[in-house]
$ cat coords_15.cif   # mmCIF, C-alpha atoms
data_final
#
loop_
_atom_site.label_atom_id
_atom_site.label_comp_id
_atom_site.auth_asym_id
_atom_site.auth_seq_id
_atom_site.Cartn_x
_atom_site.Cartn_y
_atom_site.Cartn_z
CA MET Z 19 -61.67 20.54 -136.27
CA LEU Z 20 -59.31 23.30 -137.45
CA LYS Z 21 -56.23 24.41 -135.49
CA ILE Z 22 -54.67 27.79 -136.33
CA LEU Z 23 -51.57 29.50 -134.97
CA HIS Z 24 -52.04 33.26 -135.36
CA THR Z 25 -49.09 35.63 -135.16
CA GLY Z 26 -48.07 39.00 -136.55
CA ASP Z 27 -45.94 42.09 -135.89
CA VAL Z 28 -42.82 39.97 -135.59
CA HIS Z 29 -40.58 42.75 -136.98
CA LEU Z 30 -37.62 40.54 -137.84
CA ASP Z 31 -34.39 42.55 -138.31
CA SER Z 32 -35.65 45.20 -135.91
CA PRO Z 33 -32.73 47.49 -134.90
CA PHE Z 34 -33.64 47.55 -131.17
CA SER Z 35 -32.34 51.10 -131.30
CA GLY Z 36 -32.99 51.80 -127.60
CA LEU Z 37 -30.24 49.36 -126.56
CA ASP Z 38 -26.47 49.43 -126.90
CA PRO Z 39 -25.14 47.70 -130.06
CA VAL Z 40 -24.06 44.47 -128.34
CA THR Z 41 -27.34 44.06 -126.43
CA ALA Z 42 -29.32 44.97 -129.56
CA GLU Z 43 -27.65 42.16 -131.49
CA VAL Z 44 -28.49 39.74 -128.68
CA ARG Z 45 -32.13 40.83 -128.88
CA ARG Z 46 -32.26 40.43 -132.67
CA ASN Z 47 -31.03 36.86 -132.29
CA GLU Z 48 -33.55 36.23 -129.51
CA LEU Z 49 -36.32 37.49 -131.78
CA ARG Z 50 -35.24 35.00 -134.44
CA ALA Z 51 -35.20 32.29 -131.77
CA ALA Z 52 -38.74 33.19 -130.73
CA PHE Z 53 -39.82 32.87 -134.37
CA THR Z 54 -38.20 29.43 -134.55
CA SER Z 55 -39.97 28.42 -131.34
CA LEU Z 56 -43.31 29.44 -132.85
CA PHE Z 57 -42.84 27.05 -135.77
CA HIS Z 58 -41.70 24.28 -133.43
CA PHE Z 59 -44.85 24.80 -131.37
CA ALA Z 60 -46.98 24.60 -134.55
CA LYS Z 61 -45.48 21.21 -135.40
CA VAL Z 62 -45.82 19.82 -131.88
CA GLU Z 63 -49.46 20.96 -131.64
CA LYS Z 64 -50.15 19.78 -135.22
CA ALA Z 65 -51.47 23.15 -136.34
CA ASP Z 66 -53.39 22.99 -139.62
CA MET Z 67 -52.37 26.51 -140.60
CA ILE Z 68 -50.09 29.37 -139.57
CA LEU Z 69 -51.34 32.91 -140.16
CA ILE Z 70 -48.92 35.89 -140.14
CA ALA Z 71 -50.98 39.08 -140.05
CA GLY Z 72 -48.44 41.59 -141.32
CA ASP Z 73 -45.13 43.18 -140.35
CA LEU Z 74 -43.22 39.93 -140.42
CA PHE Z 75 -40.22 42.14 -141.27
CA ASP Z 76 -39.37 45.48 -139.72
CA SER Z 77 -38.84 47.01 -143.18
CA GLU Z 78 -38.74 46.08 -146.85
CA PHE Z 79 -35.03 45.36 -146.45
CA VAL Z 80 -34.53 41.77 -145.29
CA THR Z 81 -31.16 40.32 -144.35
CA ARG Z 82 -29.98 37.12 -146.02
CA GLU Z 83 -29.84 35.41 -142.62
CA THR Z 84 -33.45 36.27 -141.83
CA LEU Z 85 -34.70 35.20 -145.25
CA ALA Z 86 -32.93 31.86 -144.85
CA LEU Z 87 -34.54 31.45 -141.42
CA ILE Z 88 -38.04 32.03 -142.76
CA THR Z 89 -37.72 29.77 -145.77
CA ARG Z 90 -36.25 26.99 -143.61
CA GLU Z 91 -38.94 27.19 -140.92
CA ALA Z 92 -41.81 27.53 -143.40
CA ALA Z 93 -40.58 24.61 -145.50
CA GLY Z 94 -40.58 22.38 -142.43
CA ALA Z 95 -43.89 23.59 -141.02
CA GLY Z 96 -45.94 20.75 -142.48
CA CYS Z 97 -48.92 23.07 -143.06
CA PRO Z 98 -49.87 26.16 -145.09
CA VAL Z 99 -48.38 29.49 -144.00
CA VAL Z 100 -50.48 32.52 -145.02
CA ILE Z 101 -48.96 36.01 -144.91
CA SER Z 102 -50.63 39.40 -145.29
CA PRO Z 103 -47.86 42.06 -145.58
CA GLY Z 104 -48.33 45.15 -143.42
CA ASN Z 105 -47.25 48.77 -143.40
CA HIS Z 106 -43.66 47.97 -142.35
CA ASP Z 107 -43.05 45.23 -144.93
CA SER Z 108 -45.41 46.35 -147.70
CA VAL Z 109 -45.40 44.73 -151.12
CA SER Z 110 -43.26 46.53 -153.71
CA THR Z 111 -41.97 45.61 -157.16
CA SER Z 112 -38.42 45.19 -155.84
CA GLY Z 113 -39.32 43.72 -152.44
CA VAL Z 114 -38.90 40.20 -151.13
CA TRP Z 115 -42.56 39.25 -151.57
CA ARG Z 116 -42.37 39.07 -155.38
CA ARG Z 117 -39.04 37.26 -155.70
CA GLY Z 118 -40.44 33.73 -155.64
CA VAL Z 119 -38.06 32.65 -152.88
CA PHE Z 120 -40.61 31.13 -150.51
CA PRO Z 121 -41.59 27.43 -150.33
CA ASP Z 122 -44.75 26.23 -152.08
CA ASN Z 123 -46.68 26.03 -148.79
CA VAL Z 124 -46.34 29.82 -148.26
CA TYR Z 125 -49.27 31.91 -149.55
CA ILE Z 126 -48.77 35.68 -149.74
CA PHE Z 127 -51.40 38.34 -150.36
CA THR Z 128 -49.90 40.88 -152.77
CA GLU Z 129 -52.80 43.21 -153.64
CA ASP Z 130 -54.47 45.94 -151.59
CA SER Z 131 -57.94 44.63 -152.46
CA LEU Z 132 -59.73 41.77 -150.74
CA SER Z 133 -58.87 38.34 -152.14
CA TYR Z 134 -58.60 34.77 -150.87
CA PHE Z 135 -56.72 31.48 -150.91
CA ASP Z 136 -58.62 28.20 -150.88
CA PHE Z 137 -57.52 25.09 -149.02
CA PRO Z 138 -60.06 22.39 -149.97
CA GLU Z 139 -58.23 19.70 -148.01
CA LEU Z 140 -58.92 21.74 -144.85
CA ASP Z 141 -62.34 22.99 -146.01
CA VAL Z 142 -61.01 26.53 -145.46
CA ARG Z 143 -60.97 29.80 -147.37
CA VAL Z 144 -58.53 32.45 -146.06
CA TRP Z 145 -59.31 36.04 -146.97
CA GLY Z 146 -56.97 38.99 -146.77
CA TRP Z 147 -55.10 41.84 -148.43
CA ALA Z 148 -51.65 43.42 -148.49
CA PHE Z 149 -50.27 46.86 -147.92
CA THR Z 150 -48.70 47.96 -151.20
CA SER Z 151 -47.26 51.14 -149.67
CA LYS Z 152 -46.54 52.45 -146.19
CA THR Z 153 -50.08 53.80 -145.86
CA MET Z 154 -53.55 52.47 -146.61
CA GLU Z 155 -56.34 55.00 -146.25
CA THR Z 156 -59.39 52.74 -146.62
CA CYS Z 157 -60.34 49.24 -145.57
CA PRO Z 158 -61.02 46.61 -148.30
CA LEU Z 159 -63.75 45.06 -146.11
CA GLU Z 160 -66.26 47.86 -146.69
CA GLY Z 161 -69.48 46.29 -147.96
CA LYS Z 162 -67.94 42.82 -148.19
CA SER Z 163 -69.10 39.46 -146.86
CA VAL Z 164 -67.78 35.91 -146.88
CA SER Z 165 -70.81 35.03 -148.98
CA ASP Z 166 -69.39 37.12 -151.85
CA GLY Z 167 -67.00 34.38 -152.93
CA ASP Z 168 -67.97 31.30 -154.92
CA GLY Z 169 -67.68 27.91 -153.29
CA ASN Z 170 -68.96 26.60 -150.00
CA PHE Z 171 -66.33 26.20 -147.29
CA LYS Z 172 -66.86 25.09 -143.72
CA TYR Z 173 -64.52 27.80 -142.42
CA ASN Z 174 -63.90 31.34 -143.62
CA ILE Z 175 -60.85 32.97 -142.01
CA LEU Z 176 -59.59 36.55 -142.32
CA CYS Z 177 -55.84 37.23 -142.08
CA ALA Z 178 -55.13 40.96 -142.36
CA HIS Z 179 -53.19 43.97 -141.14
CA GLY Z 180 -55.32 46.92 -140.05
CA ASP Z 181 -56.08 49.40 -137.30
CA LEU Z 182 -59.19 48.95 -135.16
CA THR Z 183 -58.10 51.66 -132.72
CA SER Z 184 -58.45 54.82 -134.84
CA ARG Z 185 -60.85 55.76 -137.61
CA SER Z 186 -58.39 58.40 -138.83
CA SER Z 187 -55.53 55.91 -139.06
CA THR Z 188 -53.48 55.76 -142.27
CA SER Z 189 -52.76 52.07 -141.58
CA CYS Z 190 -56.00 50.59 -142.93
CA PRO Z 191 -58.64 51.84 -140.48
CA VAL Z 192 -60.98 48.93 -139.73
CA LYS Z 193 -64.35 49.20 -138.04
CA LEU Z 194 -65.64 46.51 -135.72
CA SER Z 195 -68.95 46.69 -137.60
CA GLN Z 196 -67.14 45.87 -140.86
CA LEU Z 197 -65.55 42.80 -139.33
CA GLU Z 198 -68.83 41.63 -137.85
CA ALA Z 199 -70.67 42.17 -141.13
CA PHE Z 200 -67.98 40.32 -143.06
CA GLY Z 201 -68.78 37.21 -141.04
CA ALA Z 202 -65.46 35.39 -140.79
CA ASP Z 203 -65.31 32.46 -138.42
CA TYR Z 204 -62.09 33.98 -137.12
CA ALA Z 205 -60.40 37.32 -137.92
CA ALA Z 206 -56.63 37.12 -137.34
CA LEU Z 207 -55.46 40.72 -137.16
CA GLY Z 208 -52.10 42.44 -136.99
CA HIS Z 209 -50.85 45.99 -136.33
CA VAL Z 210 -51.68 46.60 -132.65
CA HIS Z 211 -48.84 45.40 -130.42
CA ASN Z 212 -50.61 45.75 -127.06
CA PRO Z 213 -54.10 44.67 -128.05
CA ALA Z 214 -57.36 45.04 -126.24
CA SER Z 215 -59.76 42.11 -126.22
CA TYR Z 216 -62.49 42.24 -128.87
CA SER Z 217 -64.06 38.78 -129.04
CA ASP Z 218 -63.19 35.12 -129.46
CA ARG Z 219 -63.57 35.56 -133.22
CA ILE Z 220 -61.82 38.93 -133.69
CA ALA Z 221 -58.32 39.22 -132.23
CA TYR Z 222 -54.93 40.82 -132.54
CA SER Z 223 -52.08 38.46 -131.78
CA GLY Z 224 -49.92 41.29 -130.45
CA CYS Z 225 -46.20 41.28 -131.17
CA LEU Z 226 -44.10 38.14 -130.82
CA GLU Z 227 -41.37 39.83 -128.76
CA GLY Z 228 -41.43 43.23 -127.08
CA ARG Z 229 -38.96 45.71 -128.59
CA SER Z 230 -39.40 48.85 -126.50
CA PHE Z 231 -40.85 50.19 -123.26
CA ASP Z 232 -44.25 50.79 -124.86
CA GLU Z 233 -44.55 47.02 -125.45
CA THR Z 234 -44.46 45.76 -121.89
CA GLY Z 235 -45.04 42.28 -120.53
CA HIS Z 236 -44.64 38.85 -122.05
CA LYS Z 237 -45.54 38.52 -125.73
CA GLY Z 238 -46.53 35.67 -128.01
CA ALA Z 239 -49.15 34.34 -130.40
CA ILE Z 240 -52.69 32.92 -130.32
CA PHE Z 241 -53.53 29.25 -130.79
CA VAL Z 242 -57.09 28.92 -132.06
CA THR Z 243 -59.24 25.79 -132.34
CA LEU Z 244 -62.41 25.83 -134.42
CA ASP Z 245 -64.80 22.92 -134.16
CA GLY Z 246 -67.94 23.54 -136.14
CA LYS Z 247 -69.47 26.70 -134.69
CA SER Z 248 -67.50 26.52 -131.45
CA ILE Z 249 -64.17 28.30 -130.95
CA SER Z 250 -61.52 28.32 -128.27
CA SER Z 251 -58.23 30.17 -128.11
CA ARG Z 252 -55.26 30.65 -125.82
CA LYS Z 253 -52.31 32.99 -125.75
CA VAL Z 254 -48.94 31.26 -126.00
CA ARG Z 255 -45.80 33.01 -124.77
CA PHE Z 256 -42.81 32.98 -127.12
CA SER Z 257 -40.92 36.07 -125.93
CA ARG Z 258 -37.47 35.58 -124.42
CA ARG Z 259 -37.60 38.91 -122.57
CA ARG Z 260 -40.17 41.35 -121.28
CA TYR Z 261 -40.02 45.13 -121.09
CA GLU Z 262 -41.25 46.68 -117.85
CA ASN Z 263 -41.67 50.24 -116.55
CA ASP Z 264 -41.52 50.87 -112.81
CA GLU Z 265 -40.88 53.61 -110.24
CA LEU Z 266 -38.80 53.67 -107.04
CA ARG Z 267 -38.78 56.36 -104.38
CA VAL Z 268 -35.28 57.07 -103.11
CA ASP Z 269 -35.91 59.88 -100.62
CA GLY Z 270 -32.85 60.83 -98.61
CA ALA Z 271 -30.31 59.08 -100.87
CA ALA Z 272 -26.88 60.68 -100.60
CA SER Z 273 -24.68 58.51 -102.85
CA ASN Z 274 -24.84 56.36 -105.97
CA GLY Z 275 -23.65 53.37 -103.94
CA GLU Z 276 -26.67 53.74 -101.69
CA LEU Z 277 -28.92 54.06 -104.73
CA LYS Z 278 -27.54 50.86 -106.23
CA GLU Z 279 -28.27 49.01 -102.98
CA ARG Z 280 -31.85 50.31 -102.96
CA ILE Z 281 -32.33 49.36 -106.61
CA THR Z 282 -30.98 45.85 -105.98
CA ALA Z 283 -33.35 45.37 -103.05
CA TYR Z 284 -36.31 46.62 -105.07
CA VAL Z 285 -35.55 44.41 -108.09
CA THR Z 286 -35.33 41.41 -105.76
CA GLU Z 287 -38.59 42.34 -104.04
CA LYS Z 288 -40.44 42.64 -107.37
CA HIS Z 289 -39.00 39.33 -108.65
CA TYR Z 290 -37.57 40.89 -111.80
CA GLY Z 291 -35.13 38.46 -113.39
CA ASP Z 292 -32.74 38.14 -116.29
CA ASP Z 293 -35.74 37.99 -118.64
CA THR Z 294 -36.51 41.65 -117.82
CA VAL Z 295 -35.53 44.82 -119.65
CA LEU Z 296 -36.38 47.35 -116.95
CA ARG Z 297 -36.85 51.11 -117.10
CA LEU Z 298 -36.79 52.36 -113.53
CA THR Z 299 -37.79 55.94 -112.74
CA LEU Z 300 -36.23 57.29 -109.56
CA LYS Z 301 -38.37 59.76 -107.61
CA GLY Z 302 -38.12 61.54 -104.31
CA GLU Z 303 -35.96 64.16 -102.60
CA VAL Z 304 -32.22 63.51 -102.37
CA ASP Z 305 -29.23 65.35 -100.90
CA PRO Z 306 -28.94 68.67 -102.79
CA SER Z 307 -25.26 68.18 -103.64
CA PHE Z 308 -25.80 64.61 -104.89
CA THR Z 309 -26.01 63.91 -108.63
CA VAL Z 310 -27.45 60.62 -109.88
CA ASN Z 311 -24.89 58.79 -112.05
CA ARG Z 312 -27.04 56.83 -114.48
CA HIS Z 313 -24.08 55.19 -116.21
CA PHE Z 314 -22.87 53.75 -112.89
CA LEU Z 315 -26.33 52.50 -111.98
CA GLU Z 316 -27.02 50.97 -115.39
CA THR Z 317 -23.65 49.17 -115.62
CA ASP Z 318 -23.75 45.57 -114.40
CA PRO Z 319 -27.43 45.83 -113.40
CA PRO Z 320 -28.70 43.68 -110.51
CA ARG Z 321 -30.52 40.51 -111.64
CA VAL Z 322 -32.15 42.05 -114.73
CA PHE Z 323 -31.04 41.68 -118.36
CA SER Z 324 -30.87 45.43 -118.95
CA LEU Z 325 -31.56 48.50 -116.81
CA LYS Z 326 -32.41 52.02 -117.91
CA ILE Z 327 -32.55 54.71 -115.23
CA GLU Z 328 -34.77 57.78 -115.48
CA ASP Z 329 -33.84 60.41 -112.90
CA LYS Z 330 -36.90 62.32 -111.67
CA THR Z 331 -35.50 63.09 -108.22
CA SER Z 332 -35.42 66.60 -106.81
CA PRO Z 333 -33.01 68.22 -104.32
CA MET Z 334 -33.96 68.03 -100.65
CA LEU Z 335 -33.55 71.70 -99.80
CA ASP Z 336 -33.76 74.05 -96.90
CA ALA Z 337 -35.07 76.68 -99.27
CA GLU Z 338 -35.29 79.44 -96.67
CA SER Z 339 -31.66 79.00 -95.62
CA LEU Z 340 -30.46 79.06 -99.23
CA ARG Z 341 -32.64 82.06 -100.01
CA ARG Z 342 -30.95 83.99 -97.14
CA ASP Z 343 -27.44 82.64 -97.84
CA PRO Z 344 -25.22 85.67 -98.70
CA THR Z 345 -22.61 83.52 -100.48
CA VAL Z 346 -22.50 82.42 -104.07
CA ARG Z 347 -24.52 79.33 -103.04
CA GLY Z 348 -27.43 81.55 -102.11
CA GLU Z 349 -27.10 83.67 -105.23
CA PHE Z 350 -27.06 80.54 -107.38
CA TYR Z 351 -30.23 79.27 -105.68
CA ARG Z 352 -31.99 82.64 -106.08
CA LEU Z 353 -31.24 82.63 -109.81
CA LEU Z 354 -32.89 79.21 -110.18
CA GLU Z 355 -35.75 79.61 -107.69
CA GLY Z 356 -38.32 80.67 -110.27
CA SER Z 357 -37.58 77.66 -112.46
CA LEU Z 358 -37.52 75.32 -109.45
CA THR Z 359 -41.13 76.25 -108.68
CA SER Z 360 -42.31 76.45 -112.30
CA GLU Z 361 -45.62 74.85 -113.26
CA ASP Z 362 -43.81 73.18 -116.16
CA GLU Z 363 -42.42 69.77 -115.11
CA ARG Z 364 -39.58 69.80 -117.63
CA THR Z 365 -38.45 73.26 -116.45
CA ARG Z 366 -38.41 72.01 -112.85
CA GLU Z 367 -36.39 68.94 -113.84
CA ILE Z 368 -33.74 70.99 -115.63
CA ALA Z 369 -33.53 73.50 -112.78
CA SER Z 370 -33.20 70.71 -110.19
CA ALA Z 371 -30.39 69.07 -112.18
CA ALA Z 372 -28.64 72.43 -112.56
CA LEU Z 373 -28.95 73.15 -108.84
CA ARG Z 374 -27.50 69.77 -107.86
CA ALA Z 375 -24.64 70.13 -110.31
CA GLY Z 376 -23.92 73.69 -109.21
CA LEU Z 377 -23.94 72.92 -105.49
CA SER Z 378 -21.71 69.89 -106.09
CA ALA Z 379 -19.23 72.01 -108.05
CA LEU Z 380 -19.23 74.73 -105.38
CA ALA Z 381 -18.50 72.05 -102.77
CA GLY Z 382 -15.49 70.90 -104.79
CA GLU Z 383 -17.07 67.57 -105.76
CA SER Z 384 -17.01 65.91 -109.18
CA VAL Z 385 -20.11 66.45 -111.29
CA VAL Z 386 -21.54 63.62 -113.43
CA MET Z 387 -24.55 64.45 -115.59
#
$ encode --input "coords_15.cif" --output "structure tokens"
Amino acid sequence: MLKILHTGDVHLDSPFSGLDPVTAEVRRNELRAAFTSLFHFAKVEKADMILIAGDLFDSEFVTRETLALITREAAGAGCPVVISPGNHDSVSTSGVWRRGVFPDNVYIFTEDSLSYFDFPELDVRVWGWAFTSKTMETCPLEGKSVSDGDGNFKYNILCAHGDLTSRSSTSCPVKLSQLEAFGADYAALGHVHNPASYSDRIAYSGCLEGRSFDETGHKGAIFVTLDGKSISSRKVRFSRRRYENDELRVDGAASNGELKERITAYVTEKHYGDDTVLRLTLKGEVDPSFTVNRHFLETDPPRVFSLKIEDKTSPMLDAESLRRDPTVRGEFYRLLEGSLTSEDERTREIASAALRAGLSALAGESVVM
């Protein structure tokens, strides 16, 4: 029996640029903690091997703190750790991969051609390659098979970074037919953060921790057990937080205090907690002189770890009355009317925001954009 913990796309030292500096630093530390948890899990479950399928680092620059973390965790893993560098942390002459700083149980692919590491004590051969630049136009698997290598191992494993989602990708475009023809007992892939399901034997681990609103839900790694020709796998959560996108209709809202109450009620209803980084899009028709104050709504968010507000509301108008209004209010509306009814959504959004701000100013109220 062979037990493998498959991860990838960890992106240590990620800037978390969508968050404020203090929150971003918290998230970087939580990402490191998730990485530590992964190695603890491997020891508890007595994994025979840890595979890291690329983009362990967010870039070729690695902080001293992160390098110390990796060397410490790998040294204590009690099993081989195999790494195939990806497009974010590609192998270069001056990069971390060639410095000889990793423990002896860490095996790193450093060439962009197919090669392998043998582990006779496990009866395993691990195949893979490395990105040696930010792009990789062709896949090293073309025309290859596990039978090409000498030796006779019970298990042949592939650990690699590549893109199964696009044949025109510049990040090592891989075809499903190539993987199937290669014949690995398990293909541990990296690069796709929100993976589709391919098969029990061909899988992306997804990212270890979501870093933006296009990486929603809980994240983790895959624990794989091979027993002869049989295989089983399960996804293990390691993420401290989850990113979520949601929408809330706020028709009739007339103040930011009212909006905050509605948001609090909705967050409670949906059971979002302090593990959630939430982007909430507000939709609906609101009082025409009311301007959504995103800073107020995002400060001290209810229940969630972080809240980002997207304002897609529109003014609740008596268009006919404004069109006939002889005052400057009516003239202001008539100037914007064409844009307010434009077929282009962005034009309508800008016009709606301008109308709300203008009507608020004409009413002598403060305007917050």
$ residues_around --input "coords_15.cif" --residues "Glu129 of chain Z" --least-positions-apart "6" --cutoff "7 Å" --atoms "all atoms listed in the file" --output "JSON, numbers by chain"
{"Z": [147, 148, 150]}
$ residues_around --input "coords_15.cif" --residues "Pro320 of chain Z" --least-positions-apart "6" --cutoff "9 Å" --atoms "only C-alpha atoms" --output "list of chain:residue names"
Z:Lys278, Z:Ile281, Z:Thr282, Z:Ala283, Z:Val285, Z:Thr286, Z:Gly291, Z:Asp292
$ resolve_selection --input "coords_15.cif" --expression "the PyMOL selection byres ((chain Z and resi 295) around 10)" --output "PyMOL selection string"
chain Z and resi 37+228-231+234-235+259-263+290-294+296-298+322-326
$ residues_around --input "coords_15.cif" --residues "segment 165-171 of chain Z" --least-positions-apart "5" --cutoff "12 Å" --atoms "all atoms listed in the file" --output "PDB file with C-alpha atoms, in the coordinates of the input"
ATOM      1  CA  LEU Z 132     -59.730  41.770-150.740  1.00  0.00           C
ATOM      2  CA  SER Z 133     -58.870  38.340-152.140  1.00  0.00           C
ATOM      3  CA  TYR Z 134     -58.600  34.770-150.870  1.00  0.00           C
ATOM      4  CA  PHE Z 135     -56.720  31.480-150.910  1.00  0.00           C
ATOM      5  CA  ASP Z 136     -58.620  28.200-150.880  1.00  0.00           C
ATOM      6  CA  PHE Z 137     -57.520  25.090-149.020  1.00  0.00           C
ATOM      7  CA  PRO Z 138     -60.060  22.390-149.970  1.00  0.00           C
ATOM      8  CA  GLU Z 139     -58.230  19.700-148.010  1.00  0.00           C
ATOM      9  CA  LEU Z 140     -58.920  21.740-144.850  1.00  0.00           C
ATOM     10  CA  ASP Z 141     -62.340  22.990-146.010  1.00  0.00           C
ATOM     11  CA  VAL Z 142     -61.010  26.530-145.460  1.00  0.00           C
ATOM     12  CA  ARG Z 143     -60.970  29.800-147.370  1.00  0.00           C
ATOM     13  CA  VAL Z 144     -58.530  32.450-146.060  1.00  0.00           C
ATOM     14  CA  TRP Z 145     -59.310  36.040-146.970  1.00  0.00           C
ATOM     15  CA  LEU Z 159     -63.750  45.060-146.110  1.00  0.00           C
ATOM     16  CA  ALA Z 199     -70.670  42.170-141.130  1.00  0.00           C
ATOM     17  CA  PHE Z 200     -67.980  40.320-143.060  1.00  0.00           C
ATOM     18  CA  GLY Z 201     -68.780  37.210-141.040  1.00  0.00           C
ATOM     19  CA  ALA Z 202     -65.460  35.390-140.790  1.00  0.00           C
ATOM     20  CA  ASP Z 203     -65.310  32.460-138.420  1.00  0.00           C
ATOM     21  CA  GLY Z 246     -67.940  23.540-136.140  1.00  0.00           C
TER      22      GLY Z 246
END
$ closest_residue --input "coords_15.cif" --among "Z:Glu160, Z:Asp31, Z:Asp245, Z:Glu316" --to "Glu43 of chain Z" --atoms "all atoms listed in the file"
Z:Asp31
$ residues_around --input "coords_15.cif" --residues "Ser223 of chain Z" --least-positions-apart "3" --cutoff "6 Å" --atoms "all atoms listed in the file" --output "ChimeraX atom specification"
/Z:25,239-240
$ atom_distance --input "coords_15.cif" --atom1 "atom CA of Thr317 of chain Z" --atom2 "atom CA of Tyr284 of chain Z"
16.7 Å
$ resolve_selection --input "coords_15.cif" --expression "the PyMOL selection byres ((chain Z and resi 68) around 9)" --output "PyMOL selection string"
chain Z and resi 21-25+57+60+65-67+69-70+95+97-101
$ resolve_selection --input "coords_15.cif" --expression "the PyMOL selection byres ((chain Z and resi 94) around 12)" --output "ChimeraX atom specification"
/Z:54,57-58,60-61,87-93,95-99,120-124
$ residues_around --input "coords_15.cif" --residues "Ser250 of chain Z" --least-positions-apart "3" --cutoff "10 Å" --atoms "all atoms listed in the file" --output "ChimeraX atom specification"
/Z:21,218-219,241-245
$ write_last_selection --input "coords_15.cif" --atoms "C-alpha atoms" --output "mmCIF file, keeping the file's coordinate frame"
data_model
loop_
_atom_site.group_PDB
_atom_site.id
_atom_site.type_symbol
_atom_site.label_atom_id
_atom_site.label_comp_id
_atom_site.auth_asym_id
_atom_site.auth_seq_id
_atom_site.Cartn_x
_atom_site.Cartn_y
_atom_site.Cartn_z
ATOM 1 C CA LYS Z 21 -56.230 24.410 -135.490
ATOM 2 C CA ASP Z 218 -63.190 35.120 -129.460
ATOM 3 C CA ARG Z 219 -63.570 35.560 -133.220
ATOM 4 C CA PHE Z 241 -53.530 29.250 -130.790
ATOM 5 C CA VAL Z 242 -57.090 28.920 -132.060
ATOM 6 C CA THR Z 243 -59.240 25.790 -132.340
ATOM 7 C CA LEU Z 244 -62.410 25.830 -134.420
ATOM 8 C CA ASP Z 245 -64.800 22.920 -134.160
#
$ closest_residue --input "coords_15.cif" --among "Z:Pro213, Z:Arg258, Z:Ser187, Z:Lys237" --to "Asn47 of chain Z" --atoms "only C-alpha atoms"
Z:Arg258
$ atom_distance --input "coords_15.cif" --atom1 "atom CA of Glu265 of chain Z" --atom2 "atom CA of His211 of chain Z"
23.2 Å
$ atom_distance --input "coords_15.cif" --atom1 "atom CA of Ile327 of chain Z" --atom2 "atom CA of His313 of chain Z"
8.5 Å
$ closest_residue --input "coords_15.cif" --among "Z:Glu279, Z:Ser131, Z:Phe75, Z:Glu349" --to "Trp115 of chain Z" --atoms "all atoms listed in the file"
Z:Phe75
$ closest_residue --input "coords_15.cif" --among "Z:Leu207, Z:Leu315, Z:Ala178, Z:Cys157" --to "Pro191 of chain Z" --atoms "all atoms listed in the file"
Z:Cys157
$ closest_residue --input "coords_15.cif" --among "Z:Arg364, Z:Arg45, Z:Lys193, Z:Lys152" --to "His106 of chain Z" --atoms "all atoms listed in the file"
Z:Lys152
$ decode --input "coords_15.cif" --residues "segment 32-54 of chain Z" --atoms "C-alpha atoms" --output "PDB file, in the first residue's frame"
ATOM      1  CA  SER Z  32       1.593  35.768  -1.902  1.00  0.00           C
ATOM      2  CA  PRO Z  33       0.930  39.526  -1.491  1.00  0.00           C
ATOM      3  CA  PHE Z  34      -2.860  39.141  -1.020  1.00  0.00           C
ATOM      4  CA  SER Z  35      -3.047  42.446  -2.855  1.00  0.00           C
ATOM      5  CA  GLY Z  36      -6.858  42.668  -2.707  1.00  0.00           C
ATOM      6  CA  LEU Z  37      -6.775  43.194   1.067  1.00  0.00           C
ATOM      7  CA  ASP Z  38      -5.558  46.042   3.254  1.00  0.00           C
ATOM      8  CA  PRO Z  39      -1.916  45.687   4.434  1.00  0.00           C
ATOM      9  CA  VAL Z  40      -2.749  44.485   7.961  1.00  0.00           C
ATOM     10  CA  THR Z  41      -5.281  41.884   6.784  1.00  0.00           C
ATOM     11  CA  ALA Z  42      -2.928  40.792   3.991  1.00  0.00           C
ATOM     12  CA  GLU Z  43      -0.197  40.061   6.531  1.00  0.00           C
ATOM     13  CA  VAL Z  44      -2.653  38.031   8.595  1.00  0.00           C
ATOM     14  CA  ARG Z  45      -3.524  36.007   5.484  1.00  0.00           C
ATOM     15  CA  ARG Z  46       0.136  35.387   4.619  1.00  0.00           C
ATOM     16  CA  ASN Z  47       0.684  33.986   8.094  1.00  0.00           C
ATOM     17  CA  GLU Z  48      -2.463  31.871   7.798  1.00  0.00           C
ATOM     18  CA  LEU Z  49      -1.175  30.464   4.517  1.00  0.00           C
ATOM     19  CA  ARG Z  50       2.052  29.458   6.242  1.00  0.00           C
ATOM     20  CA  ALA Z  51      -0.012  27.888   9.022  1.00  0.00           C
ATOM     21  CA  ALA Z  52      -2.013  25.892   6.473  1.00  0.00           C
ATOM     22  CA  PHE Z  53       1.265  24.633   4.997  1.00  0.00           C
ATOM     23  CA  THR Z  54       2.423  23.564   8.463  1.00  0.00           C
TER      24      THR Z  54
END
